[in-house]
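File shown: final-v1.pdb. Contents: PDB, C-alpha atoms.
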```pdb
ATOM      1  CA  MET A   1       0.000   0.000   0.000
ATOM      2  CA  ALA A   2       1.170   3.484  -0.734
ATOM      3  CA  ALA A   3       1.778   5.841   2.186
ATOM      4  CA  HIS A   4      -1.451   7.741   1.544
ATOM      5  CA  GLU A   5      -3.671   4.665   1.491
ATOM      6  CA  TRP A   6      -5.701   3.609   4.473
ATOM      7  CA  ILE A   7      -8.381   1.163   5.615
ATOM      8  CA  ALA A   8     -11.718   2.338   7.040
ATOM      9  CA  ILE A   9     -13.183   0.128   9.771
ATOM     10  CA  LEU A  10     -16.883   0.829  10.270
ATOM     11  CA  ASP A  11     -17.547   0.055  13.922
ATOM     12  CA  PHE A  12     -20.825  -1.734  14.678
ATOM     13  CA  GLY A  13     -19.987  -2.201  18.346
ATOM     14  CA  SER A  14     -17.935  -5.366  18.167
ATOM     15  CA  GLN A  15     -15.886  -6.255  21.195
ATOM     16  CA  TYR A  16     -13.132  -6.896  18.634
ATOM     17  CA  SER A  17     -13.177  -3.591  16.696
ATOM     18  CA  GLN A  18     -10.003  -2.323  18.361
ATOM     19  CA  LEU A  19      -8.364  -5.691  17.733
ATOM     20  CA  ILE A  20      -9.211  -5.468  14.015
ATOM     21  CA  ALA A  21      -7.457  -2.094  13.925
ATOM     22  CA  ARG A  22      -4.478  -3.455  15.839
ATOM     23  CA  ARG A  23      -4.068  -6.385  13.442
ATOM     24  CA  ILE A  24      -4.131  -4.052  10.448
ATOM     25  CA  ARG A  25      -1.610  -1.729  12.061
ATOM     26  CA  GLU A  26       0.647  -4.707  12.798
ATOM     27  CA  LEU A  27       0.828  -5.086   9.017
ATOM     28  CA  HIS A  28       2.088  -1.470   8.845
ATOM     29  CA  VAL A  29      -1.140  -0.252   7.274
ATOM     30  CA  TYR A  30      -2.848   2.905   8.490
ATOM     31  CA  CYS A  31      -6.488   2.465   9.494
ATOM     32  CA  GLU A  32      -9.218   4.346  11.317
ATOM     33  CA  LEU A  33     -12.280   3.255  13.236
ATOM     34  CA  VAL A  34     -15.221   5.290  11.974
ATOM     35  CA  LYS A  35     -18.903   5.372  12.879
ATOM     36  CA  PHE A  36     -21.009   2.651  11.273
ATOM     37  CA  ASP A  37     -23.277   5.229   9.666
ATOM     38  CA  THR A  38     -20.518   7.270   8.022
ATOM     39  CA  PRO A  39     -21.989   8.381   4.679
ATOM     40  CA  ALA A  40     -20.645   6.657   1.579
ATOM     41  CA  ALA A  41     -19.985  10.087   0.047
ATOM     42  CA  GLU A  42     -17.618  10.944   2.910
ATOM     43  CA  LEU A  43     -15.749   7.671   2.510
ATOM     44  CA  ALA A  44     -15.579   8.174  -1.260
ATOM     45  CA  ARG A  45     -14.084  11.611  -0.661
ATOM     46  CA  ARG A  46     -11.472  10.190   1.739
ATOM     47  CA  ARG A  47     -10.684   7.296  -0.639
ATOM     48  CA  PRO A  48      -9.830   4.330   1.600
ATOM     49  CA  ALA A  49      -8.107   1.406  -0.089
ATOM     50  CA  GLY A  50     -10.583  -0.919   1.620
ATOM     51  CA  ILE A  51     -13.483  -1.001   4.054
ATOM     52  CA  ILE A  52     -14.035  -3.449   6.900
ATOM     53  CA  LEU A  53     -17.480  -3.797   8.452
ATOM     54  CA  SER A  54     -16.936  -4.984  12.014
ATOM     55  CA  GLY A  55     -19.039  -7.431  13.915
ATOM     56  CA  GLY A  56     -21.384  -6.308  16.626
ATOM     57  CA  PRO A  57     -23.921  -7.493  19.182
ATOM     58  CA  ALA A  58     -27.013  -6.579  17.134
ATOM     59  CA  SER A  59     -29.142  -8.757  14.907
ATOM     60  CA  VAL A  60     -30.315  -7.483  11.527
ATOM     61  CA  PHE A  61     -33.812  -8.438  12.750
ATOM     62  CA  GLU A  62     -33.822  -5.932  15.621
ATOM     63  CA  LYS A  63     -35.808  -2.759  15.209
ATOM     64  CA  GLY A  64     -33.275   0.028  14.746
ATOM     65  CA  ALA A  65     -30.392  -2.363  14.047
ATOM     66  CA  PRO A  66     -27.315  -0.417  12.944
ATOM     67  CA  LEU A  67     -26.876  -0.362   9.173
ATOM     68  CA  CYS A  68     -24.255   1.151   6.919
ATOM     69  CA  ASP A  69     -25.061   3.461   4.018
ATOM     70  CA  ARG A  70     -26.298   1.210   1.180
ATOM     71  CA  ALA A  71     -24.296   3.302  -1.314
ATOM     72  CA  LEU A  72     -21.085   1.978   0.254
ATOM     73  CA  TYR A  73     -21.457  -1.177  -1.848
ATOM     74  CA  ASP A  74     -21.488   0.872  -5.068
ATOM     75  CA  LEU A  75     -18.203   2.729  -4.453
ATOM     76  CA  GLY A  76     -16.013   0.037  -6.041
ATOM     77  CA  ILE A  77     -13.878  -0.119  -2.885
ATOM     78  CA  PRO A  78     -13.101  -3.632  -1.587
ATOM     79  CA  ILE A  79     -15.273  -4.513   1.420
ATOM     80  CA  LEU A  80     -14.876  -7.207   4.073
ATOM     81  CA  GLY A  81     -17.780  -7.836   6.443
ATOM     82  CA  ILE A  82     -16.950  -9.729   9.628
ATOM     83  CA  CYS A  83     -19.743 -11.572  11.476
ATOM     84  CA  TYR A  84     -22.538  -8.954  11.815
ATOM     85  CA  GLY A  85     -20.859  -7.103   8.914
ATOM     86  CA  MET A  86     -21.368 -10.179   6.726
ATOM     87  CA  GLN A  87     -24.974 -10.686   7.835
ATOM     88  CA  MET A  88     -25.779  -7.006   7.276
ATOM     89  CA  THR A  89     -24.157  -7.119   3.820
ATOM     90  CA  SER A  90     -26.318 -10.071   2.847
ATOM     91  CA  HIS A  91     -29.423  -8.389   4.266
ATOM     92  CA  ILE A  92     -28.824  -5.053   2.514
ATOM     93  CA  LEU A  93     -27.891  -6.611  -0.844
ATOM     94  CA  GLY A  94     -30.965  -8.830  -1.099
ATOM     95  CA  GLY A  95     -29.849 -12.052   0.536
ATOM     96  CA  ARG A  96     -31.598 -13.589   3.508
ATOM     97  CA  VAL A  97     -30.414 -13.907   7.100
ATOM     98  CA  LYS A  98     -32.068 -16.195   9.632
ATOM     99  CA  PRO A  99     -31.555 -17.159  13.238
ATOM    100  CA  GLY A 100     -29.206 -20.150  13.269
ATOM    101  CA  LYS A 101     -30.457 -23.531  14.460
ATOM    102  CA  ALA A 102     -27.393 -23.672  16.675
ATOM    103  CA  ARG A 103     -25.532 -20.667  18.036
ATOM    104  CA  GLU A 104     -21.834 -21.056  17.375
ATOM    105  CA  PHE A 105     -19.505 -19.630  19.977
ATOM    106  CA  GLY A 106     -15.910 -20.700  20.218
ATOM    107  CA  HIS A 107     -13.665 -22.884  18.149
ATOM    108  CA  ALA A 108     -14.965 -24.193  14.857
ATOM    109  CA  ARG A 109     -13.450 -25.784  11.811
ATOM    110  CA  ILE A 110     -14.448 -24.396   8.444
ATOM    111  CA  ALA A 111     -14.186 -26.259   5.190
ATOM    112  CA  VAL A 112     -13.247 -24.026   2.280
ATOM    113  CA  THR A 113     -15.695 -25.012  -0.451
ATOM    114  CA  LYS A 114     -14.753 -22.542  -3.180
ATOM    115  CA  LYS A 115     -11.232 -21.312  -3.717
ATOM    116  CA  MET A 116     -11.375 -17.575  -4.187
ATOM    117  CA  PRO A 117      -8.673 -14.932  -3.666
ATOM    118  CA  LEU A 118      -9.668 -14.495  -0.020
ATOM    119  CA  PHE A 119      -8.409 -18.001   0.839
ATOM    120  CA  LYS A 120      -5.439 -18.052  -1.538
ATOM    121  CA  GLY A 121      -2.547 -20.055  -0.126
ATOM    122  CA  LEU A 122      -4.570 -21.460   2.784
ATOM    123  CA  PRO A 123      -5.480 -25.108   3.393
ATOM    124  CA  GLY A 124      -8.964 -26.469   2.743
ATOM    125  CA  ARG A 125      -9.758 -26.758   6.455
ATOM    126  CA  LEU A 126      -9.117 -23.956   8.930
ATOM    127  CA  GLU A 127      -9.515 -23.528  12.671
ATOM    128  CA  VAL A 128     -11.514 -20.347  13.349
ATOM    129  CA  TRP A 129     -13.336 -18.509  16.133
ATOM    130  CA  MET A 130     -17.100 -18.165  15.758
ATOM    131  CA  SER A 131     -19.457 -15.963  17.735
ATOM    132  CA  HIS A 132     -22.914 -15.689  16.192
ATOM    133  CA  GLY A 133     -26.566 -16.583  16.499
ATOM    134  CA  ASP A 134     -27.796 -15.454  13.066
ATOM    135  CA  GLN A 135     -26.462 -16.715   9.757
ATOM    136  CA  VAL A 136     -26.833 -16.115   6.041
ATOM    137  CA  GLN A 137     -29.449 -18.440   4.566
ATOM    138  CA  LYS A 138     -29.651 -17.066   0.996
ATOM    139  CA  LEU A 139     -26.777 -15.299  -0.712
ATOM    140  CA  PRO A 140     -27.199 -11.963  -2.480
ATOM    141  CA  ARG A 141     -27.017 -12.007  -6.282
ATOM    142  CA  GLY A 142     -23.437 -12.398  -7.528
ATOM    143  CA  PHE A 143     -22.140 -13.978  -4.306
ATOM    144  CA  HIS A 144     -20.782 -17.480  -3.805
ATOM    145  CA  ALA A 145     -20.480 -19.487  -0.604
ATOM    146  CA  MET A 146     -16.778 -20.013   0.055
ATOM    147  CA  ALA A 147     -16.694 -21.951   3.343
ATOM    148  CA  MET A 148     -18.961 -23.825   5.740
ATOM    149  CA  THR A 149     -19.148 -25.575   9.098
ATOM    150  CA  PRO A 150     -21.460 -28.485   9.960
ATOM    151  CA  THR A 151     -24.009 -25.999  11.401
ATOM    152  CA  CYS A 152     -23.313 -22.927   9.252
ATOM    153  CA  PRO A 153     -23.640 -23.498   5.495
ATOM    154  CA  VAL A 154     -22.262 -20.015   4.680
ATOM    155  CA  ALA A 155     -19.219 -19.400   6.899
ATOM    156  CA  ALA A 156     -17.710 -17.186   4.182
ATOM    157  CA  MET A 157     -19.118 -15.561   1.062
ATOM    158  CA  GLY A 158     -17.753 -13.466  -1.738
ATOM    159  CA  ASP A 159     -18.389 -11.581  -4.930
ATOM    160  CA  ASP A 160     -15.024 -11.371  -6.691
ATOM    161  CA  LYS A 161     -16.345  -9.069  -9.407
ATOM    162  CA  ARG A 162     -17.360  -6.380  -6.883
ATOM    163  CA  ARG A 163     -14.627  -7.352  -4.375
ATOM    164  CA  ILE A 164     -17.131  -7.717  -1.528
ATOM    165  CA  TYR A 165     -16.537 -10.512   0.972
ATOM    166  CA  GLY A 166     -17.976 -11.718   4.246
ATOM    167  CA  LEU A 167     -16.701 -13.958   7.017
ATOM    168  CA  GLN A 168     -18.945 -15.410   9.683
ATOM    169  CA  PHE A 169     -15.870 -16.022  11.819
ATOM    170  CA  HIS A 170     -13.379 -13.620  13.383
ATOM    171  CA  PRO A 171     -10.010 -13.619  11.570
ATOM    172  CA  GLU A 172      -8.564 -10.966  13.908
ATOM    173  CA  VAL A 173      -8.444 -13.107  17.076
ATOM    174  CA  VAL A 174      -5.581 -15.417  18.057
ATOM    175  CA  HIS A 175      -8.062 -18.308  18.099
ATOM    176  CA  THR A 176      -8.122 -18.038  14.290
ATOM    177  CA  PRO A 177      -4.438 -18.831  13.776
ATOM    178  CA  ARG A 178      -4.215 -18.426   9.993
TER     179      ARG A 178
END
```
What does the file become when written as C-alpha cells?
Amino acid sequence: MAAHEWIAILDFGSQYSQLIARRIRELHVYCELVKFDTPAAELARRRPAGIILSGGPASVFEKGAPLCDRALYDLGIPILGICYGMQMTSHILGGRVKPGKAREFGHARIAVTKKMPLFKGLPGRLEVWMSHGDQVQKLPRGFHAMAMTPTCPVAAMGDDKRRIYGLQFHPEVVHTPR
C-alpha cells in the first residue's frame, strides 16, 4: 500500500473492533475506526483502499439495528464484512439472514468449499473462532459461498467481481491462527 492509502473500519460495536485495527496496524497499514453510519460520500471523498465492516452485538432483525449506508457497496472499494458485517451485507444486498439452528460460539473448523482470492494459499480446512446466532441463509445475487461448518452453510461468502466478501468467523483473534 502506498503511504497515503488507508483502511476504514466501520464500527458496529464489536468487542473486537479495536483488535481489528491493531491487526491491520501490525501489518504497517494505516487504518481508522469510523462510525457505522458514516456516509458513503464521505468515505468516497477520503478514498480508503478498503473497508471493513466490524461485527457487533445486534441482529439485523432488531428494530433500529445499525446499518451502513447502502451506497457503500457501489463505491467500487473492496469490502470485508466480519460476522454482523457479513450478515448485514447479505441483508442489505438482497440475501436472507435467519436465526441459526445452533448458536456457534468458540472454536470451529471451516471447510473451504470454493477457492477464491480471499483463501489463496490457505489449506482447505481452517480452525476459526465463531461468535454468532444469526447466519446467512440465501446469498445476495453475484455472491458465492466459500466456506462452511457443519451448522453454518455459509461461513464465508464473496463476490469477486465487486470485491465484496464476508466472514462469519473472526479472523482478527488469536483463536483463528491463519
Chain and number of each residue from the PyMOL selection byres ((chain A and resi 74-83) around 8), as a JSON list (two decimals) with C-alpha atoms, in the coordinates of the input:
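Listed below is the output, selection.json:
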```json
[["chain", "number", "residue", "atom", "x", "y", "z"],
["A", 40, "ALA", "CA", -20.64, 6.66, 1.58],
["A", 44, "ALA", "CA", -15.58, 8.17, -1.26],
["A", 48, "PRO", "CA", -9.83, 4.33, 1.60],
["A", 49, "ALA", "CA", -8.11, 1.41, -0.09],
["A", 50, "GLY", "CA", -10.58, -0.92, 1.62],
["A", 51, "ILE", "CA", -13.48, -1.00, 4.05],
["A", 52, "ILE", "CA", -14.04, -3.45, 6.90],
["A", 53, "LEU", "CA", -17.48, -3.80, 8.45],
["A", 54, "SER", "CA", -16.94, -4.98, 12.01],
["A", 55, "GLY", "CA", -19.04, -7.43, 13.92],
["A", 56, "GLY", "CA", -21.38, -6.31, 16.63],
["A", 70, "ARG", "CA", -26.30, 1.21, 1.18],
["A", 71, "ALA", "CA", -24.30, 3.30, -1.31],
["A", 72, "LEU", "CA", -21.08, 1.98, 0.25],
["A", 73, "TYR", "CA", -21.46, -1.18, -1.85],
["A", 84, "TYR", "CA", -22.54, -8.95, 11.82],
["A", 85, "GLY", "CA", -20.86, -7.10, 8.91],
["A", 86, "MET", "CA", -21.37, -10.18, 6.73],
["A", 87, "GLN", "CA", -24.97, -10.69, 7.84],
["A", 89, "THR", "CA", -24.16, -7.12, 3.82],
["A", 131, "SER", "CA", -19.46, -15.96, 17.74],
["A", 132, "HIS", "CA", -22.91, -15.69, 16.19],
["A", 162, "ARG", "CA", -17.36, -6.38, -6.88],
["A", 163, "ARG", "CA", -14.63, -7.35, -4.38],
["A", 164, "ILE", "CA", -17.13, -7.72, -1.53],
["A", 165, "TYR", "CA", -16.54, -10.51, 0.97],
["A", 166, "GLY", "CA", -17.98, -11.72, 4.25],
["A", 167, "LEU", "CA", -16.70, -13.96, 7.02],
["A", 168, "GLN", "CA", -18.94, -15.41, 9.68],
["A", 169, "PHE", "CA", -15.87, -16.02, 11.82],
["A", 170, "HIS", "CA", -13.38, -13.62, 13.38]]
```
Q: Between A:Leu93, A:Ile110, A:Ala147, A:Met116, single out the one closest to Thr176 in chain A, counting all atoms listed in the file.
A: A:Ile110
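A straight line drawn from CA of Arg178 in chain A to CA of Arg23 in chain A is 12.5 Å long.
Taking CA of Pro57 in chain A as the reference point, CA of Pro150 in chain A is found at 23.1 Å.
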Q: Spell out the residues picked by the PyMOL selection byres ((chain A and resi 108) around 6) here, as a count of residues only.
A: 4
If I only have part of range 135-146 of chain A, can you fill in N, CA, C and O atoms and write it as a PDB file, in the frame of the given file?
```
ATOM      1  N   GLN A 135     -27.338 -16.308  10.856  1.00  0.00           N
ATOM      2  CA  GLN A 135     -26.462 -16.715   9.757  1.00  0.00           C
ATOM      3  C   GLN A 135     -27.135 -16.450   8.420  1.00  0.00           C
ATOM      4  O   GLN A 135     -28.363 -16.316   8.346  1.00  0.00           O
ATOM      5  N   VAL A 136     -26.328 -16.352   7.394  1.00  0.00           N
ATOM      6  CA  VAL A 136     -26.833 -16.115   6.041  1.00  0.00           C
ATOM      7  C   VAL A 136     -27.482 -17.401   5.538  1.00  0.00           C
ATOM      8  O   VAL A 136     -26.866 -18.459   5.553  1.00  0.00           O
ATOM      9  N   GLN A 137     -28.730 -17.289   5.110  1.00  0.00           N
ATOM     10  CA  GLN A 137     -29.449 -18.440   4.566  1.00  0.00           C
ATOM     11  C   GLN A 137     -29.434 -18.411   3.038  1.00  0.00           C
ATOM     12  O   GLN A 137     -29.273 -19.441   2.397  1.00  0.00           O
ATOM     13  N   LYS A 138     -29.628 -17.213   2.458  1.00  0.00           N
ATOM     14  CA  LYS A 138     -29.651 -17.066   0.996  1.00  0.00           C
ATOM     15  C   LYS A 138     -28.666 -15.961   0.635  1.00  0.00           C
ATOM     16  O   LYS A 138     -28.708 -14.865   1.200  1.00  0.00           O
ATOM     17  N   LEU A 139     -27.794 -16.258  -0.297  1.00  0.00           N
ATOM     18  CA  LEU A 139     -26.777 -15.299  -0.712  1.00  0.00           C
ATOM     19  C   LEU A 139     -27.358 -14.216  -1.614  1.00  0.00           C
ATOM     20  O   LEU A 139     -28.273 -14.483  -2.397  1.00  0.00           O
ATOM     21  N   PRO A 140     -26.806 -13.008  -1.528  1.00  0.00           N
ATOM     22  CA  PRO A 140     -27.199 -11.963  -2.480  1.00  0.00           C
ATOM     23  C   PRO A 140     -26.750 -12.349  -3.895  1.00  0.00           C
ATOM     24  O   PRO A 140     -25.820 -13.141  -4.069  1.00  0.00           O
ATOM     25  N   ARG A 141     -27.389 -11.757  -4.879  1.00  0.00           N
ATOM     26  CA  ARG A 141     -27.017 -12.007  -6.282  1.00  0.00           C
ATOM     27  C   ARG A 141     -25.539 -11.691  -6.501  1.00  0.00           C
ATOM     28  O   ARG A 141     -25.038 -10.679  -6.026  1.00  0.00           O
ATOM     29  N   GLY A 142     -24.847 -12.584  -7.201  1.00  0.00           N
ATOM     30  CA  GLY A 142     -23.437 -12.398  -7.528  1.00  0.00           C
ATOM     31  C   GLY A 142     -22.485 -12.984  -6.493  1.00  0.00           C
ATOM     32  O   GLY A 142     -21.286 -13.059  -6.746  1.00  0.00           O
ATOM     33  N   PHE A 143     -22.989 -13.422  -5.360  1.00  0.00           N
ATOM     34  CA  PHE A 143     -22.140 -13.978  -4.306  1.00  0.00           C
ATOM     35  C   PHE A 143     -22.078 -15.494  -4.402  1.00  0.00           C
ATOM     36  O   PHE A 143     -23.000 -16.143  -4.889  1.00  0.00           O
ATOM     37  N   HIS A 144     -20.969 -16.036  -3.896  1.00  0.00           N
ATOM     38  CA  HIS A 144     -20.782 -17.480  -3.805  1.00  0.00           C
ATOM     39  C   HIS A 144     -20.435 -17.826  -2.370  1.00  0.00           C
ATOM     40  O   HIS A 144     -19.706 -17.073  -1.707  1.00  0.00           O
ATOM     41  N   ALA A 145     -20.914 -18.972  -1.903  1.00  0.00           N
ATOM     42  CA  ALA A 145     -20.480 -19.487  -0.604  1.00  0.00           C
ATOM     43  C   ALA A 145     -19.042 -19.976  -0.785  1.00  0.00           C
ATOM     44  O   ALA A 145     -18.717 -20.613  -1.789  1.00  0.00           O
ATOM     45  N   MET A 146     -18.189 -19.650   0.159  1.00  0.00           N
ATOM     46  CA  MET A 146     -16.778 -20.013   0.055  1.00  0.00           C
ATOM     47  C   MET A 146     -16.319 -20.971   1.140  1.00  0.00           C
ATOM     48  O   MET A 146     -15.277 -21.598   1.015  1.00  0.00           O
TER      49      MET A 146
END
```
